[in-house]
>>> print(open('entry.cif').read())   # mmCIF, C-alpha atoms
data_target
#
loop_
_atom_site.label_atom_id
_atom_site.label_comp_id
_atom_site.auth_asym_id
_atom_site.auth_seq_id
_atom_site.Cartn_x
_atom_site.Cartn_y
_atom_site.Cartn_z
CA MET A 1 -75.92 213.64 -79.73
CA LYS A 2 -78.77 215.68 -81.21
CA LEU A 3 -81.92 213.95 -82.43
CA THR A 4 -85.37 215.01 -83.62
CA ILE A 5 -88.44 213.30 -82.14
CA GLU A 6 -90.59 211.92 -84.94
CA ARG A 7 -93.48 210.31 -83.07
CA LEU A 8 -94.74 208.97 -79.75
CA GLY A 9 -94.62 205.29 -78.84
CA HIS A 10 -97.47 203.39 -77.22
CA HIS A 11 -95.99 204.10 -73.77
CA GLY A 12 -95.79 207.85 -74.42
CA ASP A 13 -92.02 208.01 -75.03
CA GLY A 14 -90.71 210.16 -77.84
CA ILE A 15 -89.15 208.12 -80.65
CA ALA A 16 -86.32 209.46 -82.80
CA ARG A 17 -84.37 207.91 -85.66
CA GLY A 18 -80.92 206.94 -84.41
CA PRO A 19 -77.84 205.67 -86.23
CA GLU A 20 -78.80 202.04 -85.59
CA GLY A 21 -82.56 202.21 -85.28
CA PRO A 22 -85.28 203.82 -83.14
CA VAL A 23 -84.18 205.77 -80.03
CA PHE A 24 -86.58 206.25 -77.12
CA VAL A 25 -86.63 209.52 -75.18
CA PRO A 26 -89.07 209.87 -72.25
CA ALA A 27 -91.30 212.96 -71.87
CA MET A 28 -90.62 214.33 -75.35
CA LEU A 29 -93.00 215.34 -78.14
CA PRO A 30 -92.93 215.04 -81.94
CA GLY A 31 -90.95 217.79 -83.64
CA GLU A 32 -88.72 218.49 -80.65
CA GLU A 33 -84.95 218.60 -81.14
CA VAL A 34 -83.25 217.01 -78.15
CA GLU A 35 -79.68 216.46 -77.03
CA GLY A 36 -78.26 213.77 -74.74
CA GLU A 37 -76.05 210.72 -74.41
CA LEU A 38 -77.01 207.72 -76.54
CA LYS A 39 -76.89 204.45 -74.62
CA GLY A 40 -78.29 201.55 -76.59
CA ASP A 41 -81.77 202.52 -77.74
CA ARG A 42 -82.21 205.25 -75.06
CA LEU A 43 -81.12 208.88 -75.01
CA GLU A 44 -80.15 209.61 -71.43
CA GLY A 45 -79.96 213.02 -69.77
CA ALA A 46 -81.96 214.44 -72.66
CA LYS A 47 -82.38 218.21 -72.85
CA ILE A 48 -84.76 220.03 -75.16
CA VAL A 49 -83.01 222.20 -77.76
CA THR A 50 -86.17 223.16 -79.65
CA PRO A 51 -89.51 222.66 -77.81
CA SER A 52 -92.76 221.62 -79.48
CA VAL A 53 -95.61 224.08 -79.81
CA HIS A 54 -97.70 221.39 -78.07
CA ARG A 55 -95.54 221.41 -74.93
CA ARG A 56 -96.83 222.93 -71.69
CA LYS A 57 -95.83 222.99 -68.04
CA ALA A 58 -97.26 219.93 -66.31
CA PRO A 59 -100.05 221.08 -63.93
CA CYS A 60 -99.43 218.43 -61.24
CA PRO A 61 -96.62 219.04 -58.70
CA HIS A 62 -95.95 215.28 -58.56
CA TYR A 63 -95.52 214.79 -62.30
CA ARG A 64 -91.71 214.79 -62.58
CA ALA A 65 -91.38 211.79 -60.26
CA CYS A 66 -94.77 210.04 -60.34
CA GLY A 67 -95.37 207.22 -62.81
CA GLY A 68 -99.15 207.59 -62.69
CA CYS A 69 -99.27 209.97 -65.68
CA ALA A 70 -97.27 209.99 -68.90
CA LEU A 71 -98.52 212.95 -70.94
CA GLN A 72 -99.08 215.98 -68.72
CA HIS A 73 -96.30 217.80 -70.58
CA ALA A 74 -98.52 217.99 -73.69
CA HIS A 75 -101.58 220.16 -74.36
CA ASP A 76 -104.89 218.35 -74.03
CA ASP A 77 -105.81 218.82 -77.70
CA PHE A 78 -102.58 217.14 -78.75
CA VAL A 79 -103.17 214.19 -76.39
CA ALA A 80 -106.73 213.73 -77.65
CA GLY A 81 -105.57 213.79 -81.27
CA TRP A 82 -102.72 211.38 -80.52
CA LYS A 83 -105.08 208.88 -78.86
CA ALA A 84 -107.44 209.06 -81.82
CA GLY A 85 -104.43 208.47 -84.06
CA VAL A 86 -103.45 205.35 -82.11
CA VAL A 87 -106.89 203.86 -82.79
CA LEU A 88 -106.89 204.86 -86.47
CA HIS A 89 -103.37 203.47 -86.92
CA ALA A 90 -104.48 200.12 -85.48
CA LEU A 91 -107.44 200.07 -87.88
CA ASN A 92 -105.22 201.01 -90.83
CA ALA A 93 -102.95 198.08 -89.99
CA GLN A 94 -105.97 195.84 -90.59
CA GLY A 95 -106.77 197.57 -93.88
CA LEU A 96 -109.65 199.58 -92.37
CA THR A 97 -110.38 203.29 -92.54
CA ALA A 98 -112.70 205.20 -90.25
CA GLU A 99 -113.64 208.69 -89.12
CA VAL A 100 -113.62 209.59 -85.44
CA THR A 101 -116.96 211.24 -84.77
CA ALA A 102 -116.29 212.34 -81.18
CA ILE A 103 -113.59 212.41 -78.51
CA HIS A 104 -114.68 212.42 -74.86
CA THR A 105 -111.99 213.34 -72.33
CA SER A 106 -112.84 213.02 -68.65
CA PRO A 107 -112.05 216.11 -66.57
CA ALA A 108 -109.29 216.33 -63.98
CA ASN A 109 -110.08 215.03 -60.49
CA SER A 110 -112.68 212.59 -61.82
CA ARG A 111 -111.15 209.13 -61.29
CA ARG A 112 -113.58 207.35 -58.97
CA ARG A 113 -111.63 204.09 -59.16
CA ALA A 114 -107.88 203.73 -58.76
CA THR A 115 -105.26 201.28 -57.52
CA LEU A 116 -102.78 202.79 -55.07
CA SER A 117 -99.61 201.32 -53.62
CA ALA A 118 -98.72 201.61 -49.93
CA ARG A 119 -95.69 200.76 -47.79
CA ARG A 120 -94.91 201.01 -44.11
CA THR A 121 -91.83 203.10 -43.41
CA LYS A 122 -89.84 204.11 -40.34
CA ALA A 123 -91.65 207.46 -40.42
CA GLY A 124 -95.11 205.93 -40.88
CA VAL A 125 -96.71 205.15 -44.26
CA THR A 126 -96.16 206.14 -47.88
CA LEU A 127 -99.34 205.94 -49.98
CA GLY A 128 -99.49 206.81 -53.65
CA PHE A 129 -98.11 205.60 -56.98
CA HIS A 130 -94.79 204.15 -58.05
CA MET A 131 -92.11 206.53 -59.20
CA ARG A 132 -91.47 206.60 -62.91
CA GLY A 133 -89.42 203.52 -63.81
CA SER A 134 -89.08 202.42 -60.18
CA ASP A 135 -90.74 200.25 -57.56
CA GLN A 136 -90.41 203.06 -55.01
CA VAL A 137 -93.74 204.51 -53.84
CA ILE A 138 -94.21 208.28 -53.62
CA ALA A 139 -97.03 210.15 -51.89
CA VAL A 140 -99.42 212.08 -54.16
CA PRO A 141 -101.59 214.25 -51.86
CA GLU A 142 -102.22 216.79 -54.63
CA CYS A 143 -102.93 214.24 -57.39
CA LEU A 144 -104.96 215.80 -60.22
CA LEU A 145 -106.41 212.50 -61.39
CA LEU A 146 -108.36 211.33 -58.35
CA ASP A 147 -111.86 212.24 -57.31
CA ALA A 148 -112.08 214.28 -54.10
CA GLU A 149 -113.97 211.46 -52.37
CA VAL A 150 -111.11 209.07 -53.10
CA LYS A 151 -108.48 211.48 -51.76
CA ARG A 152 -110.59 212.20 -48.68
CA HIS A 153 -110.05 208.62 -47.58
CA PHE A 154 -106.24 208.66 -47.88
CA PRO A 155 -105.90 208.74 -44.05
CA THR A 156 -108.04 205.60 -43.82
CA LEU A 157 -105.89 203.83 -46.43
CA GLU A 158 -102.80 204.80 -44.46
CA GLU A 159 -104.36 203.35 -41.31
CA ILE A 160 -105.13 200.12 -43.17
CA THR A 161 -101.49 199.99 -44.25
CA LYS A 162 -100.33 200.31 -40.64
CA LEU A 163 -102.68 197.50 -39.65
CA GLY A 164 -102.12 195.07 -42.48
CA ALA A 165 -98.80 195.61 -44.26
CA SER A 166 -95.58 193.89 -43.33
CA ARG A 167 -92.48 196.07 -42.92
CA LYS A 168 -90.96 194.81 -46.18
CA GLY A 169 -94.12 194.19 -48.16
CA GLU A 170 -96.27 196.45 -50.32
CA LEU A 171 -100.04 196.72 -50.31
CA SER A 172 -102.04 197.24 -53.46
CA ILE A 173 -105.30 199.01 -52.60
CA THR A 174 -108.03 199.41 -55.19
CA ILE A 175 -110.51 202.04 -54.04
CA THR A 176 -113.85 202.60 -55.75
CA ALA A 177 -116.06 205.50 -54.72
CA SER A 178 -119.71 204.57 -54.23
CA VAL A 179 -122.80 206.33 -52.85
CA SER A 180 -122.65 204.13 -49.74
CA GLY A 181 -118.93 204.69 -49.12
CA PRO A 182 -115.70 203.50 -50.73
CA ASP A 183 -115.24 199.86 -51.70
CA LEU A 184 -111.71 198.62 -51.00
CA ALA A 185 -109.92 195.57 -52.39
CA VAL A 186 -106.54 194.99 -50.74
CA THR A 187 -103.84 192.55 -51.85
CA GLY A 188 -100.35 191.81 -50.57
CA GLY A 189 -101.15 192.14 -46.88
CA LYS A 190 -100.66 190.05 -43.76
CA PRO A 191 -102.75 186.90 -43.28
CA LEU A 192 -106.32 187.72 -42.31
CA ASP A 193 -106.39 186.56 -38.68
CA ALA A 194 -108.99 187.26 -35.98
CA MET A 195 -107.27 190.40 -34.71
CA LEU A 196 -106.94 191.93 -38.18
CA LEU A 197 -110.58 191.09 -38.94
CA GLN A 198 -111.65 192.89 -35.80
CA ASP A 199 -109.51 195.93 -36.53
CA LEU A 200 -110.76 196.19 -40.11
CA GLY A 201 -114.38 195.86 -38.98
CA GLN A 202 -113.97 198.69 -36.48
CA LEU A 203 -112.20 200.83 -39.07
CA CYS A 204 -115.08 200.30 -41.52
CA GLU A 205 -117.63 201.54 -39.01
CA ARG A 206 -115.81 204.68 -37.92
CA SER A 207 -114.44 205.75 -41.32
CA GLY A 208 -117.47 205.26 -43.57
CA ILE A 209 -115.81 202.60 -45.73
CA ALA A 210 -118.52 200.41 -47.25
CA ARG A 211 -116.56 197.18 -47.67
CA ILE A 212 -113.05 195.75 -47.43
CA THR A 213 -111.98 192.66 -49.35
CA TRP A 214 -108.61 191.25 -48.28
CA ASP A 215 -106.70 189.12 -50.78
CA GLY A 216 -110.02 188.06 -52.29
CA GLU A 217 -111.66 187.25 -48.94
CA ALA A 218 -114.48 189.27 -47.36
CA ALA A 219 -112.98 191.09 -44.38
CA ALA A 220 -115.51 193.77 -43.37
CA THR A 221 -118.81 195.09 -44.69
CA ARG A 222 -120.66 198.11 -43.38
CA ALA A 223 -122.90 198.64 -46.43
CA GLN A 224 -123.39 197.32 -49.97
CA PRO A 225 -121.35 199.50 -52.37
CA LEU A 226 -123.75 201.11 -54.86
CA VAL A 227 -123.07 203.12 -58.02
CA PRO A 228 -125.82 204.99 -59.95
CA ALA A 229 -126.66 203.46 -63.34
CA GLY A 230 -129.61 204.47 -65.53
CA PRO A 231 -132.85 203.64 -63.72
CA GLY A 232 -131.20 202.23 -60.62
CA GLN A 233 -127.93 201.41 -58.93
CA ILE A 234 -125.24 198.84 -59.63
CA HIS A 235 -124.61 196.49 -56.71
CA LEU A 236 -120.86 196.11 -56.97
CA ALA A 237 -119.50 192.62 -56.45
CA PRO A 238 -116.13 192.41 -54.66
CA GLY A 239 -113.39 193.25 -57.13
CA ALA A 240 -115.90 194.02 -59.88
CA PHE A 241 -114.86 196.15 -62.84
CA LEU A 242 -116.28 199.66 -62.98
CA GLN A 243 -115.60 202.36 -65.57
CA ALA A 244 -112.93 204.69 -64.22
CA THR A 245 -114.96 207.90 -64.38
CA ALA A 246 -118.66 208.71 -64.36
CA GLU A 247 -118.12 210.99 -67.38
CA GLY A 248 -116.43 208.25 -69.38
CA GLU A 249 -119.13 205.77 -68.47
CA ALA A 250 -121.82 208.25 -69.57
CA ALA A 251 -120.13 208.66 -72.97
CA LEU A 252 -120.00 204.89 -73.49
CA VAL A 253 -123.58 204.37 -72.30
CA ASN A 254 -124.86 207.14 -74.57
CA ALA A 255 -123.06 205.58 -77.54
CA VAL A 256 -124.41 202.06 -77.06
CA THR A 257 -127.88 203.39 -76.25
CA ALA A 258 -127.96 205.36 -79.50
CA ALA A 259 -126.63 202.40 -81.50
CA THR A 260 -129.32 200.03 -80.19
CA LYS A 261 -132.26 202.45 -80.26
CA GLY A 262 -135.36 200.72 -81.61
CA ALA A 263 -134.17 197.21 -80.76
CA LYS A 264 -136.80 195.16 -78.92
CA ARG A 265 -134.32 192.67 -77.47
CA VAL A 266 -130.62 193.28 -76.76
CA ALA A 267 -127.85 190.93 -75.63
CA ASP A 268 -125.26 192.57 -73.37
CA LEU A 269 -122.13 190.42 -73.60
CA PHE A 270 -119.45 190.63 -70.88
CA ALA A 271 -122.10 192.51 -68.91
CA GLY A 272 -120.27 192.71 -65.59
CA CYS A 273 -122.53 194.08 -62.86
CA GLY A 274 -124.78 195.89 -65.35
CA THR A 275 -123.11 199.12 -66.47
CA PHE A 276 -124.86 198.90 -69.84
CA THR A 277 -127.63 196.45 -68.96
CA LEU A 278 -129.55 198.79 -66.68
CA PRO A 279 -129.57 201.89 -68.93
CA LEU A 280 -130.37 199.80 -72.02
CA ALA A 281 -133.36 198.27 -70.21
CA LEU A 282 -135.08 201.65 -70.32
CA GLN A 283 -135.65 201.12 -74.06
CA SER A 284 -135.31 197.35 -74.65
CA GLU A 285 -135.50 193.93 -73.09
CA VAL A 286 -131.92 193.02 -72.15
CA HIS A 287 -130.21 189.69 -71.53
CA GLY A 288 -126.88 190.17 -69.74
CA ILE A 289 -124.22 187.49 -70.03
CA GLU A 290 -121.14 187.41 -67.81
CA GLY A 291 -118.54 184.75 -67.13
CA ALA A 292 -118.19 185.27 -63.37
CA ALA A 293 -121.08 184.08 -61.20
CA PRO A 294 -120.59 186.75 -58.48
CA LEU A 295 -121.00 189.46 -61.11
CA THR A 296 -124.13 187.82 -62.50
CA ARG A 297 -125.61 187.66 -59.00
CA ALA A 298 -124.82 191.36 -58.53
CA LEU A 299 -126.48 192.10 -61.88
CA ASP A 300 -129.60 190.21 -60.80
CA GLN A 301 -129.70 192.17 -57.56
CA SER A 302 -129.32 195.46 -59.44
CA ALA A 303 -132.07 194.50 -61.89
CA ARG A 304 -134.53 193.64 -59.11
CA MET A 305 -134.09 197.08 -57.58
CA ALA A 306 -134.34 199.06 -60.84
CA LYS A 307 -137.59 200.89 -61.62
CA GLY A 308 -139.37 201.45 -64.92
CA THR A 309 -137.34 199.06 -67.03
CA HIS A 310 -138.16 196.43 -69.62
CA LYS A 311 -137.46 192.81 -68.73
CA ILE A 312 -133.89 192.08 -67.61
CA THR A 313 -132.52 188.52 -67.56
CA SER A 314 -129.01 187.23 -66.96
CA GLU A 315 -126.80 184.22 -67.55
CA THR A 316 -123.41 183.04 -66.30
CA ARG A 317 -121.46 181.82 -69.31
CA ASP A 318 -117.83 181.73 -70.43
CA LEU A 319 -118.00 183.55 -73.76
CA PHE A 320 -114.38 182.73 -74.55
CA ARG A 321 -114.97 178.97 -74.49
CA ASN A 322 -118.70 178.92 -75.10
CA PRO A 323 -119.70 181.90 -77.27
CA LEU A 324 -123.25 182.48 -78.43
CA ILE A 325 -123.71 180.86 -81.85
CA PRO A 326 -125.82 182.24 -84.72
CA ASP A 327 -128.89 180.15 -83.77
CA GLU A 328 -128.85 181.76 -80.33
CA LEU A 329 -128.06 185.23 -81.63
CA ARG A 330 -131.00 185.29 -84.05
CA ARG A 331 -133.41 186.16 -81.20
CA TYR A 332 -131.69 189.55 -80.65
CA ASP A 333 -132.16 192.78 -82.59
CA ALA A 334 -128.87 194.17 -81.27
CA VAL A 335 -125.79 193.08 -79.36
CA VAL A 336 -123.55 195.12 -77.07
CA ILE A 337 -120.12 193.61 -76.47
CA ASP A 338 -117.51 194.99 -74.05
CA PRO A 339 -114.73 192.38 -73.73
CA PRO A 340 -111.51 192.66 -71.71
CA ARG A 341 -108.22 193.75 -73.31
CA ALA A 342 -107.70 190.44 -75.09
CA GLY A 343 -110.84 191.08 -77.11
CA ALA A 344 -113.39 188.39 -77.87
CA GLU A 345 -112.13 186.59 -80.95
CA ALA A 346 -114.33 183.49 -80.53
CA GLN A 347 -117.51 185.48 -79.90
CA ILE A 348 -116.74 187.94 -82.69
CA GLY A 349 -116.34 184.99 -85.04
CA GLU A 350 -119.86 183.82 -84.20
CA LEU A 351 -121.27 187.35 -84.51
CA ALA A 352 -119.66 187.60 -87.95
CA ARG A 353 -121.56 184.46 -88.97
CA SER A 354 -124.83 185.76 -87.55
CA ASN A 355 -127.53 188.04 -88.91
CA VAL A 356 -127.70 190.37 -85.88
CA PRO A 357 -128.65 193.75 -87.39
CA VAL A 358 -126.61 195.95 -85.03
CA ILE A 359 -123.52 195.42 -82.88
CA ALA A 360 -122.18 198.08 -80.51
CA MET A 361 -118.58 197.21 -79.62
CA VAL A 362 -116.70 198.77 -76.70
CA SER A 363 -112.98 198.16 -76.31
CA CYS A 364 -109.99 199.22 -74.22
CA ASN A 365 -107.37 197.89 -76.66
CA PRO A 366 -106.94 199.41 -80.13
CA VAL A 367 -105.13 196.33 -81.46
CA THR A 368 -107.78 193.76 -80.53
CA PHE A 369 -110.53 196.23 -81.42
CA ALA A 370 -109.09 196.54 -84.92
CA ARG A 371 -108.71 192.76 -85.24
CA ASP A 372 -112.34 192.21 -84.22
CA ALA A 373 -113.56 195.09 -86.41
CA LYS A 374 -111.78 193.47 -89.38
CA ALA A 375 -113.62 190.18 -88.77
CA LEU A 376 -116.99 191.93 -88.64
CA THR A 377 -116.44 194.12 -91.70
CA ALA A 378 -115.13 191.16 -93.69
CA ALA A 379 -118.45 189.46 -92.93
CA GLY A 380 -120.45 192.37 -94.33
CA TYR A 381 -120.88 194.70 -91.36
CA VAL A 382 -120.32 198.44 -91.86
CA MET A 383 -118.54 200.35 -89.10
CA SER A 384 -119.72 203.82 -88.10
CA ASP A 385 -119.90 206.25 -85.18
CA LEU A 386 -116.37 205.56 -83.95
CA GLN A 387 -115.86 207.48 -80.71
CA ILE A 388 -112.77 207.83 -78.52
CA VAL A 389 -113.32 207.82 -74.76
CA ASP A 390 -110.38 209.02 -72.67
CA GLN A 391 -111.16 208.14 -69.06
CA PHE A 392 -107.47 207.75 -68.22
CA ARG A 393 -106.50 211.38 -68.68
CA TRP A 394 -102.75 211.97 -69.21
CA ALA A 395 -102.11 208.22 -69.46
CA THR A 396 -101.48 206.32 -72.70
CA HIS A 397 -104.57 204.14 -72.20
CA VAL A 398 -107.47 204.74 -74.60
CA GLU A 399 -110.97 203.34 -75.02
CA MET A 400 -113.27 203.33 -78.02
CA VAL A 401 -116.79 202.44 -79.06
CA ALA A 402 -118.22 201.90 -82.54
CA THR A 403 -121.40 200.68 -84.21
CA PHE A 404 -121.48 197.85 -86.76
CA ARG A 405 -124.55 197.40 -88.95
CA ARG A 406 -125.38 194.67 -91.42
CA GLY A 407 -124.70 196.11 -94.88
#
>>> encode(input="entry.cif", output="structure tokens")
Amino acid sequence: MKLTIERLGHHGDGIARGPEGPVFVPAMLPGEEVEGELKGDRLEGAKIVTPSVHRRKAPCPHYRACGGCALQHAHDDFVAGWKAGVVLHALNAQGLTAEVTAIHTSPANSRRRATLSARRTKAGVTLGFHMRGSDQVIAVPECLLLDAEVKRHFPTLEEITKLGASRKGELSITITASVSGPDLAVTGGKPLDAMLLQDLGQLCERSGIARITWDGEAAATRAQPLVPAGPGQIHLAPGAFLQATAEGEAALVNAVTAATKGAKRVADLFAGCGTFTLPLALQSEVHGIEGAAPLTRALDQSARMAKGTHKITSETRDLFRNPLIPDELRRYDAVVIDPPRAGAEAQIGELARSNVPVIAMVSCNPVTFARDAKALTAAGYVMSDLQIVDQFRWATHVEMVATFRRG
């Protein structure tokens, strides 16, 4: 059966119009004519009859099998435009229109934070990502996503797998590059007994790993993981969120800094360890609010070490169940909000009722971003300076930041 790809789905698959509804065809692009065997809503064994002008040869040797990337077969300009379109489509679904003022795409080999899978095998260890559509792990020594410092420690991650993985189990290893050495968070391993603790401690010392957290429990610490941020360094709490690339973080920080320029006092909501708090404190007093106490403690530690800032305060508070209300928000000239993927519906509702002059909203989910933007604009805010930040190059994930001002 021959079909023509009309658009891309949210997972990067090509979508064609079939005899009984949409047909999904992996690794295809809009405008391509493809031929294959129709099975349900999938076209299997698809071959390209007419290629798209946006198609290119994938640069990574692992791409055909690896599930870590979805869009290497498309030119970068096409991917950037598609991601902007995903955000605009979500806004349109809420009755909103906007103009994308900038698109920031992180370069190749820039991912300083990644989660790898690892298994023990008869031949040793396989460390990498899952194959496309499979739970099988494939090695990715020439990965074009990861920072060189992350890849340099692959042998250490393999050694950890030999020490701590069962023969049938799979480790999930989140590695975050820091100036004091990588921070590792491992899940799925053997119980943390005295022997494993000793082995991990020795490995930390000889390999330069800063810290290992094992299934949420501190296993070994050689140094506090530190990441540069504005006037100081972020003290990473175990398992703390960090923007995936330094370039992507810089784009987001620049956007919220510009949006809040001139504000005397700023609230940084869902502040984490201080990604925005520290840079914003160069121009304003900042109150960071975070729901997890370990992150708040890390923020306090980072603030104490920062130089040349305005006053920084912090608070541990569940903004989902206990959002700031208008009476509390009236003390701030601007608010920065960077919620998780679910958005922050309760807090956005209170912001919509407030008189905060400026809100800078960061999001990693176009659907919840559009929902929250609709609530703010319905309350009289005007959206501007919508920027797309693509830290997850060649993946379908997209981030965005926009400014909302009282009309």
>>> resolve_selection(input="entry.cif", expression="the PyMOL selection byres ((chain A and resi 363-367) around 10)", output="PDB file with C-alpha atoms, keeping the file's coordinate frame")
ATOM      1  CA  LYS A  83    -105.080 208.880 -78.860  1.00  0.00           C
ATOM      2  CA  ALA A  84    -107.440 209.060 -81.820  1.00  0.00           C
ATOM      3  CA  VAL A  86    -103.450 205.350 -82.110  1.00  0.00           C
ATOM      4  CA  VAL A  87    -106.890 203.860 -82.790  1.00  0.00           C
ATOM      5  CA  LEU A  88    -106.890 204.860 -86.470  1.00  0.00           C
ATOM      6  CA  HIS A  89    -103.370 203.470 -86.920  1.00  0.00           C
ATOM      7  CA  ALA A  90    -104.480 200.120 -85.480  1.00  0.00           C
ATOM      8  CA  LEU A  91    -107.440 200.070 -87.880  1.00  0.00           C
ATOM      9  CA  ALA A  93    -102.950 198.080 -89.990  1.00  0.00           C
ATOM     10  CA  GLN A  94    -105.970 195.840 -90.590  1.00  0.00           C
ATOM     11  CA  ILE A 337    -120.120 193.610 -76.470  1.00  0.00           C
ATOM     12  CA  ASP A 338    -117.510 194.990 -74.050  1.00  0.00           C
ATOM     13  CA  PRO A 339    -114.730 192.380 -73.730  1.00  0.00           C
ATOM     14  CA  PRO A 340    -111.510 192.660 -71.710  1.00  0.00           C
ATOM     15  CA  ARG A 341    -108.220 193.750 -73.310  1.00  0.00           C
ATOM     16  CA  ALA A 342    -107.700 190.440 -75.090  1.00  0.00           C
ATOM     17  CA  GLY A 343    -110.840 191.080 -77.110  1.00  0.00           C
ATOM     18  CA  ALA A 344    -113.390 188.390 -77.870  1.00  0.00           C
ATOM     19  CA  MET A 361    -118.580 197.210 -79.620  1.00  0.00           C
ATOM     20  CA  VAL A 362    -116.700 198.770 -76.700  1.00  0.00           C
ATOM     21  CA  THR A 368    -107.780 193.760 -80.530  1.00  0.00           C
ATOM     22  CA  PHE A 369    -110.530 196.230 -81.420  1.00  0.00           C
ATOM     23  CA  ALA A 370    -109.090 196.540 -84.920  1.00  0.00           C
ATOM     24  CA  ARG A 371    -108.710 192.760 -85.240  1.00  0.00           C
ATOM     25  CA  ASP A 372    -112.340 192.210 -84.220  1.00  0.00           C
ATOM     26  CA  ALA A 373    -113.560 195.090 -86.410  1.00  0.00           C
ATOM     27  CA  ILE A 388    -112.770 207.830 -78.520  1.00  0.00           C
ATOM     28  CA  VAL A 389    -113.320 207.820 -74.760  1.00  0.00           C
ATOM     29  CA  ASP A 390    -110.380 209.020 -72.670  1.00  0.00           C
ATOM     30  CA  HIS A 397    -104.570 204.140 -72.200  1.00  0.00           C
ATOM     31  CA  VAL A 398    -107.470 204.740 -74.600  1.00  0.00           C
ATOM     32  CA  GLU A 399    -110.970 203.340 -75.020  1.00  0.00           C
ATOM     33  CA  MET A 400    -113.270 203.330 -78.020  1.00  0.00           C
ATOM     34  CA  VAL A 401    -116.790 202.440 -79.060  1.00  0.00           C
ATOM     35  CA  ALA A 402    -118.220 201.900 -82.540  1.00  0.00           C
TER      36      ALA A 402
END
>>> residues_around(input="entry.cif", residues="Gln283 (chain A)", least_positions_apart="4", cutoff="10 Å", atoms="all atoms listed in the file", output="VMD selection string")
chain A and resid 257 260 to 266 278 to 279 308 to 310
>>> atom_distance(input="entry.cif", atom1="CA of Val227 (chain A)", atom2="CA of Thr176 (chain A)")
9.5 Å
>>> resolve_selection(input="entry.cif", expression="the PyMOL selection byres ((chain A and resi 163) around 9)", output="MDAnalysis selection string")
chainID A and resid 158:162 164:166 190 196 199:200
>>> residues_around(input="entry.cif", residues="Ser302 (chain A)", least_positions_apart="2", cutoff="7 Å", atoms="only C-alpha atoms", output="list in words")
Gln233, Ile234, His235, Ala298, Leu299, Asp300, Arg304, Met305 and Ala306 of chain A
>>> decode(input="entry.cif", residues="region 37-65 of chain A", atoms="C-alpha atoms", output="JSON list (two decimals), in the first residue's frame")
[["chain", "number", "residue", "atom", "x", "y", "z"],
["A", 37, "GLU", "CA", 2.17, -3.46, 4.49],
["A", 38, "LEU", "CA", -0.74, -2.04, 6.46],
["A", 39, "LYS", "CA", -1.31, -3.82, 9.76],
["A", 40, "GLY", "CA", -3.89, -2.11, 11.92],
["A", 41, "ASP", "CA", -2.84, 1.51, 12.31],
["A", 42, "ARG", "CA", 0.85, 0.83, 11.42],
["A", 43, "LEU", "CA", 2.59, 0.60, 8.05],
["A", 44, "GLU", "CA", 5.22, -2.09, 8.45],
["A", 45, "GLY", "CA", 8.33, -2.56, 6.32],
["A", 46, "ALA", "CA", 7.84, 0.95, 4.97],
["A", 47, "LYS", "CA", 10.05, 2.08, 2.11],
["A", 48, "ILE", "CA", 10.35, 5.64, 0.85],
["A", 49, "VAL", "CA", 9.09, 6.12, -2.71],
["A", 50, "THR", "CA", 9.48, 9.90, -2.75],
["A", 51, "PRO", "CA", 11.78, 11.44, -0.08],
["A", 52, "SER", "CA", 11.20, 14.81, 1.59],
["A", 53, "VAL", "CA", 13.47, 17.73, 0.83],
["A", 54, "HIS", "CA", 13.94, 17.91, 4.62],
["A", 55, "ARG", "CA", 15.40, 14.40, 4.84],
["A", 56, "ARG", "CA", 19.11, 13.86, 5.53],
["A", 57, "LYS", "CA", 21.39, 11.00, 6.47],
["A", 58, "ALA", "CA", 21.40, 10.60, 10.24],
["A", 59, "PRO", "CA", 24.83, 11.68, 11.57],
["A", 60, "CYS", "CA", 24.99, 9.17, 14.45],
["A", 61, "PRO", "CA", 26.11, 5.58, 13.68],
["A", 62, "HIS", "CA", 23.77, 4.27, 16.40],
["A", 63, "TYR", "CA", 20.63, 5.98, 15.10],
["A", 64, "ARG", "CA", 18.98, 3.09, 13.22],
["A", 65, "ALA", "CA", 18.77, 0.95, 16.37]]
